[in-house]
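One structure is given here, and the rest of the page talks about it.
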Amino acid sequence: AQSVTQPDIHITVSEGASLELRCNYSYGATPYLFWYVQSPGQGLQLLLKYFSGDTLVQGIKGFEAEFKRSQSSFNLRKPSVHWSDAAEYFCAVAPGGAGNMLTFGGGTRLMVKP
Amino acid sequence: DSGVTQTPKHLITATGQRVTLRCSPRSGDLSVYWYQQSLDQGLQFLIQYYNGEERAKGNILERFSAQQFPDLHSELNLSSLELGDSALYFCASSRQYGYTFGSGTRLTVV
């Protein structure tokens, strides 16, 4: 069965600093990969997704993610964090393509220091 | 507005009771997924329907059931509620290359 691991439960960064959130997946083939963000009390908003092609994917709010097949990773990055980025971030995979259910990682809670 | 509508937004009920959560998918989406988000279990997939038929089942308790109607809206029925069922329940719908989530129903069992 597929699984998704987000090794960092909490991360604190200073405003303006760069950010990288880690995501590793376990699946026999290349799954469809997603990053979602959840603000407190809110739903899940899609930041970006990867299906195929260019392994560097651009998303909303200045986020990007890089798919590395050799490392089974799909890390999320942002060059300069804003206070409004404080939220919980979830990596998810859909094995076998869209139309299958998403499996989520445990999430990483991001805190931003002024 | 994501296009996926969930009602009610909040629900408080007593142990042993039964509730129904409703989800209207984004227009044109045939698949509906239900997820439970709790502090100890994270985001858990419960069940998927596609065009009225059950397609996949995850960690859904026997006390829980769901269905998708001809107009494609879906309902998640939770019965014999326990304190541990308190959680945020999300519905999502999908089309070819994307999944869209509703804002969730927060269920509190007291």
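In the structure tokens, chains take the letters A, B, ... in the order shown, each chain's residues start at 1, and ligands count up from 1 in the order shown.
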
Near Ser18 of chain A, counting only C-alpha atoms, which residues have an atom at most 9 Å away, once you skip same-chain residues fewer than 6 positions from it, shown as an MDAnalysis selection string?
-> chainID A and resid 77:81

As an MDAnalysis selection string, list the residues of chain B assigned to strand (DSSP E) by DSSP on the backbone atoms of this structure.
-> chainID B and resid 5:7 10:13 19:24 31:38 42:50 53:57 64:68 74:78 87:95 98:101 105:109

Where does chain B meet chain A within 8 Å, residue by residue, with the nearest atom pair and distance in Å to one decimal for each, counting only C-alpha atoms, listed by chain and rising number, as JSON lines?
{"residue": "B:Ser31", "atom": "CA", "partner": "A:Gly99", "partner_atom": "CA", "distance": 7.2}
{"residue": "B:Tyr33", "atom": "CA", "partner": "A:Met101", "partner_atom": "CA", "distance": 7.1}
{"residue": "B:Gly42", "atom": "CA", "partner": "A:Gly106", "partner_atom": "CA", "distance": 5.8}
{"residue": "B:Leu43", "atom": "CA", "partner": "A:Phe104", "partner_atom": "CA", "distance": 6.3}
{"residue": "B:Gln44", "atom": "CA", "partner": "A:Phe104", "partner_atom": "CA", "distance": 7.6}
{"residue": "B:Phe45", "atom": "CA", "partner": "A:Thr103", "partner_atom": "CA", "distance": 7.2}
{"residue": "B:Gln48", "atom": "CA", "partner": "A:Met101", "partner_atom": "CA", "distance": 7.2}
{"residue": "B:Ala56", "atom": "CA", "partner": "A:Met101", "partner_atom": "CA", "distance": 7.7}
{"residue": "B:Phe90", "atom": "CA", "partner": "A:Gly43", "partner_atom": "CA", "distance": 7.8}
{"residue": "B:Ser94", "atom": "CA", "partner": "A:Gly99", "partner_atom": "CA", "distance": 6.6}
{"residue": "B:Arg95", "atom": "CA", "partner": "A:Gly99", "partner_atom": "CA", "distance": 6.9}
{"residue": "B:Gln96", "atom": "CA", "partner": "A:Ala98", "partner_atom": "CA", "distance": 5.9}
{"residue": "B:Tyr97", "atom": "CA", "partner": "A:Ala98", "partner_atom": "CA", "distance": 5.7}
{"residue": "B:Gly98", "atom": "CA", "partner": "A:Ala98", "partner_atom": "CA", "distance": 6.8}
{"residue": "B:Thr100", "atom": "CA", "partner": "A:Leu46", "partner_atom": "CA", "distance": 7.7}
{"residue": "B:Phe101", "atom": "CA", "partner": "A:Leu44", "partner_atom": "CA", "distance": 6.0}
{"residue": "B:Gly102", "atom": "CA", "partner": "A:Gly43", "partner_atom": "CA", "distance": 6.2}
{"residue": "B:Ser103", "atom": "CA", "partner": "A:Gly43", "partner_atom": "CA", "distance": 4.2}
{"residue": "B:Gly104", "atom": "CA", "partner": "A:Gly43", "partner_atom": "CA", "distance": 6.2}

Can I get the selection written as an mmCIF file, in the first residue's frame, with C-alpha atoms?
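Result written to part.cif:
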data_model
loop_
_atom_site.group_PDB
_atom_site.id
_atom_site.type_symbol
_atom_site.label_atom_id
_atom_site.label_comp_id
_atom_site.auth_asym_id
_atom_site.auth_seq_id
_atom_site.Cartn_x
_atom_site.Cartn_y
_atom_site.Cartn_z
ATOM 1 C CA SER B 31 -16.351 11.301 -7.899
ATOM 2 C CA TYR B 33 -14.560 11.272 -1.448
ATOM 3 C CA GLY B 42 -4.661 12.798 10.774
ATOM 4 C CA LEU B 43 -6.483 12.827 7.443
ATOM 5 C CA GLN B 44 -8.028 9.420 6.876
ATOM 6 C CA PHE B 45 -9.806 8.351 3.733
ATOM 7 C CA GLN B 48 -15.301 7.092 -2.450
ATOM 8 C CA ALA B 56 -13.250 2.465 -2.824
ATOM 9 C CA PHE B 90 -14.180 16.662 4.593
ATOM 10 C CA SER B 94 -12.462 15.177 -8.506
ATOM 11 C CA ARG B 95 -12.170 15.385 -12.207
ATOM 12 C CA GLN B 96 -9.357 14.366 -14.501
ATOM 13 C CA TYR B 97 -6.478 16.182 -12.868
ATOM 14 C CA GLY B 98 -7.597 17.617 -9.612
ATOM 15 C CA THR B 100 -11.237 19.948 -4.676
ATOM 16 C CA PHE B 101 -12.127 19.942 -1.017
ATOM 17 C CA GLY B 102 -15.057 21.460 0.758
ATOM 18 C CA SER B 103 -14.620 23.493 3.915
ATOM 19 C CA GLY B 104 -15.632 20.569 6.093
#

Contacts of Gln6 of chain B within 10 Å, only C-alpha atoms, excl. fewer than 4 positions in-chain, as an MDAnalysis selection string | chainID B and resid 21:25 73:75 89:92 101:105

Produce a file of the selected residues containing all heavy atoms, as a tab-separated table (two decimals), in the first residue's frame.
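Contents of selection-v6.tsv, as written:
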chain	number	residue	atom	x	y	z
B	21	LEU	N	-24.20	14.07	7.26
B	21	LEU	CA	-23.41	15.15	6.67
B	21	LEU	C	-23.65	15.13	5.17
B	21	LEU	O	-23.68	14.07	4.55
B	21	LEU	CB	-21.92	14.95	6.96
B	21	LEU	CG	-21.52	14.62	8.40
B	21	LEU	CD1	-20.02	14.55	8.54
B	21	LEU	CD2	-22.12	15.59	9.37
B	22	ARG	N	-23.76	16.32	4.61
B	22	ARG	CA	-24.09	16.42	3.20
B	22	ARG	C	-22.97	17.09	2.41
B	22	ARG	O	-22.31	18.00	2.91
B	22	ARG	CB	-25.38	17.20	3.04
B	22	ARG	CG	-25.87	17.36	1.61
B	22	ARG	CD	-27.06	18.29	1.51
B	22	ARG	NE	-27.36	18.61	0.13
B	22	ARG	CZ	-28.37	18.08	-0.56
B	22	ARG	NH1	-29.17	17.20	0.01
B	22	ARG	NH2	-28.57	18.42	-1.82
B	23	CYS	N	-22.82	16.64	1.18
B	23	CYS	CA	-21.78	17.18	0.31
B	23	CYS	C	-22.33	17.33	-1.10
B	23	CYS	O	-22.86	16.36	-1.67
B	23	CYS	CB	-20.57	16.26	0.29
B	23	CYS	SG	-19.33	16.66	-0.98
B	24	SER	N	-22.16	18.52	-1.66
B	24	SER	CA	-22.48	18.73	-3.08
B	24	SER	C	-21.18	18.93	-3.82
B	24	SER	O	-20.45	19.88	-3.53
B	24	SER	CB	-23.39	19.95	-3.24
B	24	SER	OG	-24.64	19.71	-2.66
B	25	PRO	N	-20.87	18.07	-4.77
B	25	PRO	CA	-19.58	18.19	-5.47
B	25	PRO	C	-19.58	19.37	-6.44
B	25	PRO	O	-20.62	19.97	-6.72
B	25	PRO	CB	-19.48	16.87	-6.22
B	25	PRO	CG	-20.90	16.47	-6.46
B	25	PRO	CD	-21.65	16.94	-5.26
B	73	HIS	N	-24.98	14.54	-5.37
B	73	HIS	CA	-24.62	14.91	-4.02
B	73	HIS	C	-24.47	13.64	-3.19
B	73	HIS	O	-25.00	12.58	-3.54
B	73	HIS	CB	-25.63	15.90	-3.43
B	73	HIS	CG	-26.77	15.28	-2.67
B	73	HIS	ND1	-27.96	14.91	-3.27
B	73	HIS	CD2	-26.89	14.99	-1.36
B	73	HIS	CE1	-28.77	14.41	-2.34
B	73	HIS	NE2	-28.15	14.45	-1.18
B	74	SER	N	-23.75	13.76	-2.11
B	74	SER	CA	-23.46	12.60	-1.28
B	74	SER	C	-23.79	12.90	0.17
B	74	SER	O	-23.75	14.06	0.60
B	74	SER	CB	-21.98	12.23	-1.40
B	74	SER	OG	-21.65	11.13	-0.57
B	75	GLU	N	-24.11	11.87	0.89
B	75	GLU	CA	-24.37	11.99	2.32
B	75	GLU	C	-23.56	10.94	3.07
B	75	GLU	O	-23.44	9.80	2.61
B	75	GLU	CB	-25.86	11.82	2.62
B	75	GLU	CG	-26.71	12.95	2.08
B	75	GLU	CD	-28.18	12.81	2.38
B	75	GLU	OE1	-28.59	11.79	2.96
B	75	GLU	OE2	-28.93	13.73	2.03
B	89	TYR	N	-14.88	16.50	9.18
B	89	TYR	CA	-15.17	15.60	8.08
B	89	TYR	C	-15.17	16.41	6.78
B	89	TYR	O	-15.92	17.36	6.63
B	89	TYR	CB	-16.52	14.90	8.28
B	89	TYR	CG	-16.47	13.93	9.42
B	89	TYR	CD1	-16.65	14.36	10.73
B	89	TYR	CD2	-16.20	12.58	9.20
B	89	TYR	CE1	-16.57	13.46	11.80
B	89	TYR	CE2	-16.13	11.67	10.25
B	89	TYR	CZ	-16.30	12.13	11.54
B	89	TYR	OH	-16.23	11.24	12.58
B	90	PHE	N	-14.30	15.98	5.87
B	90	PHE	CA	-14.18	16.66	4.59
B	90	PHE	C	-14.76	15.82	3.48
B	90	PHE	O	-14.66	14.59	3.47
B	90	PHE	CB	-12.70	16.91	4.25
B	90	PHE	CG	-12.07	18.03	5.01
B	90	PHE	CD1	-11.12	17.76	5.98
B	90	PHE	CD2	-12.40	19.34	4.75
B	90	PHE	CE1	-10.52	18.78	6.68
B	90	PHE	CE2	-11.81	20.38	5.45
B	90	PHE	CZ	-10.87	20.09	6.41
B	91	CYS	N	-15.32	16.52	2.54
B	91	CYS	CA	-15.74	15.93	1.29
B	91	CYS	C	-14.87	16.54	0.20
B	91	CYS	O	-14.49	17.71	0.27
B	91	CYS	CB	-17.21	16.25	1.06
B	91	CYS	SG	-17.81	15.99	-0.60
B	92	ALA	N	-14.55	15.74	-0.81
B	92	ALA	CA	-13.82	16.24	-1.96
B	92	ALA	C	-14.45	15.67	-3.21
B	92	ALA	O	-15.07	14.60	-3.18
B	92	ALA	CB	-12.35	15.84	-1.89
B	101	PHE	N	-11.55	20.24	-2.33
B	101	PHE	CA	-12.13	19.94	-1.02
B	101	PHE	C	-13.14	21.00	-0.60
B	101	PHE	O	-12.98	22.19	-0.90
B	101	PHE	CB	-11.02	19.88	0.03
B	101	PHE	CG	-10.24	18.60	-0.02
B	101	PHE	CD1	-9.24	18.42	-0.97
B	101	PHE	CD2	-10.52	17.56	0.86
B	101	PHE	CE1	-8.53	17.23	-1.04
B	101	PHE	CE2	-9.80	16.37	0.80
B	101	PHE	CZ	-8.82	16.21	-0.16
B	102	GLY	N	-14.15	20.54	0.11
B	102	GLY	CA	-15.06	21.46	0.76
B	102	GLY	C	-14.44	21.99	2.04
B	102	GLY	O	-13.33	21.59	2.42
B	103	SER	N	-15.16	22.87	2.70
B	103	SER	CA	-14.62	23.49	3.92
B	103	SER	C	-14.81	22.63	5.16
B	103	SER	O	-14.32	22.97	6.22
B	103	SER	CB	-15.25	24.87	4.12
B	103	SER	OG	-16.65	24.73	4.18
B	104	GLY	N	-15.53	21.53	5.00
B	104	GLY	CA	-15.63	20.57	6.09
B	104	GLY	C	-16.82	20.78	7.01
B	104	GLY	O	-17.42	21.85	7.06
B	105	THR	N	-17.16	19.72	7.73
B	105	THR	CA	-18.15	19.76	8.80
B	105	THR	C	-17.44	19.37	10.08
B	105	THR	O	-16.84	18.29	10.16
B	105	THR	CB	-19.30	18.77	8.55
B	105	THR	OG1	-20.04	19.18	7.41
B	105	THR	CG2	-20.22	18.69	9.77

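Atom CA of Gln68 of chain B is found 21.6 Å from atom CA of Leu81 of chain B.
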
From the set A:Ala29, A:Val57, A:Ala86, A:Ala94, which residue has the shortest atom-to-atom contact distance to Ser14 of chain A, counting only C-alpha atoms?
->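 With only C-alpha atoms as the atom set, the closest residue is A:Ala86.
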